[in-house]
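Inspection log for the structure reproduced underneath, given as structure tokens.
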Amino acid sequence: MRIAAAGTPATGAGVNGAAHHAGRMSGATSDAGRAGRATSDAGRAGGATSDAGRAGGAARDAAEQRFQALHFAPAPALRSRVPGPRSRRMLAEQAALESRARTYPRSLPIALREARGATLRDVDGNTYVDFFAGAGALNVGHGHRAVAAAATEQQRRLVHALDLPTGPRLRLMRLLRGLLPGALRHSGRIHFGGPTGSDAVEAALKLVRAHTGRRSIVAFQGAYHGMTAGALSVTGDVRRARAHDAPVHFMPFAYCYRCPLGLRPQSCGLACAKLLDSALADPCSGLPEPAGVIVEAIQGEGGTVVPPPGWLAEIRSITRRHDVPLILDEVQTGFGRTGLMFACEHDGVIPDVLVLSKALGGIGYPLSAIAYAQELDTWEPGAHIGTFRGHQVAMAAGAAAIELIQELDLPGRAAALGELALELLRGAAADEGEFAAIGEVRGRGLMIGVELVRDRATREPWPQLAEAVRLACCRKGLIIELGGRYGNVARFLPPLVISRDLLLRGLEIFLAALRESERAQPAGSAAGPSAS
Ligand SMILES: Cc1ncc(COP(=O)(O)O)c(C=O)c1O
């Protein structure tokens with residue numbers, strides 16, 4: 001089955017209306033040769049997308065060609081079986097040297113050599129379409145020339161600067177503040193973490209604890225906020241460590257496909273959000289007055305779970321009513337990923353603390369930050385320190401990436417491409433004979449999840465199928481990720497600069513891999529083969 005690249009009629013079964021939907025992104029540009037001839041770099045094409053909107057089809061074609069020029073072509077292109085011989089050798093050496101705790105080499109058995117845009121090349125010369133983008137970090141794609149140039153230039157000048165003021169640090173903060181929602185834009189404060197998303201989450205928790213003098217935190221079932229634990233618990237300075245052995249209370253997230261309350265989104269009245277209200281209001285609920293509530297606007301690792309409209313706004317109004325700071329973790333959803341600069345903007349929500357990382361570092365440099373309301377800025381100097389809180393190269397890259405995201409209107413591009421992808425996938429899912437294992441297709445912008453189940457009626461998760469599909473995708477030249485509470489959600493987080501043709505090609509590969517894998521392990525069978 002082929003999904004129509006633009007202007008090409010869809011043939012074969014399974015993707016209802018694919019040609020129609022694909023046509024919506026306009027401009028037949030499926031030919032990699034044409035992409036190759038498009039010499040100008042999208043990074044230099046300031047305002048291309050908005051100009052294109054005004055000038056109509058021809059200009060849109062030209063804009064799309066500039067995006068096509070950002071990737072290896074042709075892609076995907078396989079020169080060997082996957083994994084090829086060099087990958088095998090390097091995977092074996094890695095296994096002999098590196099920890100058992102390594103993860104991705106078990107499910108994506110390739111060794112990488114280079115990357116460009118939304119494409120990756122392995123050491124055997126195989127080229128892949130990248131729907132994973134460094135775990136959602138590469139919104140502007142791999143190695144974008146303008147961003148790489150800013151980083152290289154900075155590397156020559158200064159790399160390490162503690163948290164002393166520097167040009168890149170101030171420039172990044174100015175640009176970042178200009179993007180923030182509501183009052184954060186005018187008076188918000190910024191604190192850099194050191195330098196992972198997890199560390200910025202730690203900073204956010206410390207900040208609200210220091211400000212409120214309370215200890216406990218409310219989080220949500222299915223949440224993922226990082227991997228750190230314990231560094232403070234073994235730190236001898238009790239003034240710093242004191243608040244960090246505090247309890248965390250979990251409330252239900254709005255996972256409507258598997259509603260924790262057994263309700264339906266059409267009629268539930270956002271009951272799961274209102275549980276937070278009653279728990280905070282009831283003196284006997286067992287919930288001590290929390291220092292903060294931390295939530296993802298869309299749960300990422302939890303399975304690309306998009307709460308229904310109004311849910312986040314309800315959480316915001318509850319936390320405001322009870323005077324509890326709201327921490328919004330936009331590590332994965334930030335910088336245009338969901339179709340707006342920040343996902344909280346879909347619901348008109350302005351958090352007290354916004355947690356940022358991943359795309360903040362531009363083309364994959366590690367960088368993280370929190371941006372928070374000025375009133376919270378009551379913690380002590382040195383309250384959250386770290387050796388690498390001033391990575392100048394990452395800051396220069398981050399500033400260049402923000403400019404690029406704005407110049408190319410990447411949030412708008414994510415919205416349009418995301419809508420196209422969701423329609424195609426939902427069209428495929430409607431063909432129950434062909435794709436019975438698709439339980440739900442969901443997402444926003446270019447943050448998309450396909451939940452795989454053994455049975456649409458019982459919704460029994462099917463993680464073995466998901467694993468088999470990920471491996472089959474890799475063998476066909478597409479890199480995807482899995483997530484979800486049960487590991488049964490295929491997750492797509494491509495760079496926002498992906499060309500429409502690569503997106504369509506990737507979806508086509510995914511559906512082919514799904515169909516083949518499903519046939520290879522029928523729903524009634526026992527656990528399927530492990531991908532590792
Ligand atoms: C929402 C969210 N918060 C925090 C983190 C942790 O970021 P890091 O892996 O950089 O520590 C992640 C990582 O995937 C994330 O998705």
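We name chains A, B, ... following the order of the structure tokens; residues begin at 1 in each chain, and ligands are numbered from 1 as shown.
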Neighbours of ligand 1 within 9 Å, counting only C-alpha atoms and all ligand atoms, as a ChimeraX atom specification? /A:135-137,195-201,223-228,295-302,329-333,355-358,366-368
Residues near Leu514 (chain A), anyone? I mean within 9 Å using only C-alpha atoms, not counting same-chain ones fewer than 2 positions away, as number ranges by chain. A: 435, 437, 465-466, 468-470, 472-473, 509-512, 516-519
For Leu158 (chain A), please output as a CSV table (one decimal) with C-alpha atoms, in the first residue's frame all residues within 10 Å (counting only C-alpha atoms; exclusion window: fewer than 5 positions along the same chain).
```csv
chain,number,residue,atom,x,y,z
A,153,GLU,CA,31.3,30.1,16.2
A,166,THR,CA,27.6,36.3,28.5
A,168,PRO,CA,24.6,34.0,24.3
A,391,HIS,CA,26.8,25.8,28.4
A,392,GLN,CA,27.6,28.6,26.0
A,393,VAL,CA,27.5,26.5,22.9
```
Could I get the residues of region 130-231 of chain A with an atom no further than 9 Å from an atom of region 95-118 of chain A, each paired with its nearest atom pair and that distance in Å to one decimal, using only C-alpha atoms, sorted by chain and residue number, as JSON lines?
```
{"residue": "A:Asp130", "atom": "CA", "partner": "A:Ala118", "partner_atom": "CA", "distance": 5.1}
{"residue": "A:Phe131", "atom": "CA", "partner": "A:Ala118", "partner_atom": "CA", "distance": 7.4}
{"residue": "A:Phe132", "atom": "CA", "partner": "A:Ala118", "partner_atom": "CA", "distance": 8.9}
{"residue": "A:Ala133", "atom": "CA", "partner": "A:Ala118", "partner_atom": "CA", "distance": 7.1}
{"residue": "A:Leu138", "atom": "CA", "partner": "A:Gly117", "partner_atom": "CA", "distance": 8.7}
{"residue": "A:Val140", "atom": "CA", "partner": "A:Gly117", "partner_atom": "CA", "distance": 7.4}
{"residue": "A:Gly141", "atom": "CA", "partner": "A:Gly117", "partner_atom": "CA", "distance": 4.2}
{"residue": "A:His142", "atom": "CA", "partner": "A:Gly117", "partner_atom": "CA", "distance": 4.6}
{"residue": "A:Gly143", "atom": "CA", "partner": "A:Arg116", "partner_atom": "CA", "distance": 5.7}
{"residue": "A:His144", "atom": "CA", "partner": "A:Gly117", "partner_atom": "CA", "distance": 6.6}
```
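Excluding Gly213 (chain A) and any residue on its chain fewer than 5 positions from it, the residues at most 10 Å away by only C-alpha atoms are Leu207, Val208, Ala243, Pro290 and Ala291 of chain A.
Separating CA of Ala457 (chain A) from CA of Leu424 (chain A) is a distance of 22.3 Å.
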What is the distance between CA of Phe492 (chain A) and CA of Leu120 (chain A), in Å to one decimal? 15.1 Å
Using only C-alpha atoms, which residues sit within 8 Å of Ser499 (chain A) once same-chain residues fewer than 5 positions away are excluded, as a list in words? Glu64, Phe67 and Gln68 of chain A
Export of the given selection (C-alpha atoms) as a PDB file, in the first residue's frame:
```
ATOM      1  CA  GLU A  64       8.239  22.904   0.520  1.00  0.00           C
ATOM      2  CA  PHE A  67      12.315  21.952   3.444  1.00  0.00           C
ATOM      3  CA  GLN A  68      13.082  19.007   1.198  1.00  0.00           C
TER       4      GLN A  68
END
```
Taking 2 positions as the minimum chain separation for residues in the same chain, which residues sit within 12 Å of Tyr486 (chain A) when counting only C-alpha atoms? Answer as a list in words. Gly222, Arg258, Glu301, Gly302, Gly303, Glu451, Leu452, Val453, Arg459, Glu460, Pro461, Trp462, Pro463, Gln464, Leu465, Ala466, Glu467, Leu482, Gly483, Gly484, Asn488, Val489 and Ala490 of chain A
Taking C-alpha atoms for each residue, export the selection above as a PDB file, in the first residue's frame.
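What follows is the written file part_37.pdb:
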```pdb
ATOM      1  CA  GLY A 222       1.294   8.106  33.798  1.00  0.00           C
ATOM      2  CA  ARG A 258      -8.682   4.215  29.344  1.00  0.00           C
ATOM      3  CA  GLU A 301       6.309   8.946  27.568  1.00  0.00           C
ATOM      4  CA  GLY A 302       2.948   8.065  29.111  1.00  0.00           C
ATOM      5  CA  GLY A 303       1.694   7.369  25.580  1.00  0.00           C
ATOM      6  CA  GLU A 451      -2.103   2.824  20.595  1.00  0.00           C
ATOM      7  CA  LEU A 452      -1.988  -0.833  19.634  1.00  0.00           C
ATOM      8  CA  VAL A 453      -4.414  -3.343  21.130  1.00  0.00           C
ATOM      9  CA  ARG A 459      -8.654  -2.591  24.496  1.00  0.00           C
ATOM     10  CA  GLU A 460      -6.157  -5.135  25.782  1.00  0.00           C
ATOM     11  CA  PRO A 461      -2.713  -3.552  25.241  1.00  0.00           C
ATOM     12  CA  TRP A 462      -0.439  -5.284  22.716  1.00  0.00           C
ATOM     13  CA  PRO A 463       3.150  -4.286  23.572  1.00  0.00           C
ATOM     14  CA  GLN A 464       4.677  -7.252  21.733  1.00  0.00           C
ATOM     15  CA  LEU A 465       3.143  -6.041  18.503  1.00  0.00           C
ATOM     16  CA  ALA A 466       4.420  -2.528  19.167  1.00  0.00           C
ATOM     17  CA  GLU A 467       7.949  -3.876  19.644  1.00  0.00           C
ATOM     18  CA  LEU A 482       7.394   3.386  21.757  1.00  0.00           C
ATOM     19  CA  GLY A 483       5.771   4.622  24.908  1.00  0.00           C
ATOM     20  CA  GLY A 484       2.657   4.345  26.986  1.00  0.00           C
ATOM     21  CA  ASN A 488       1.997  -0.388  23.375  1.00  0.00           C
ATOM     22  CA  VAL A 489       1.954   3.095  21.835  1.00  0.00           C
ATOM     23  CA  ALA A 490       3.921   3.804  18.650  1.00  0.00           C
TER      24      ALA A 490
END
```
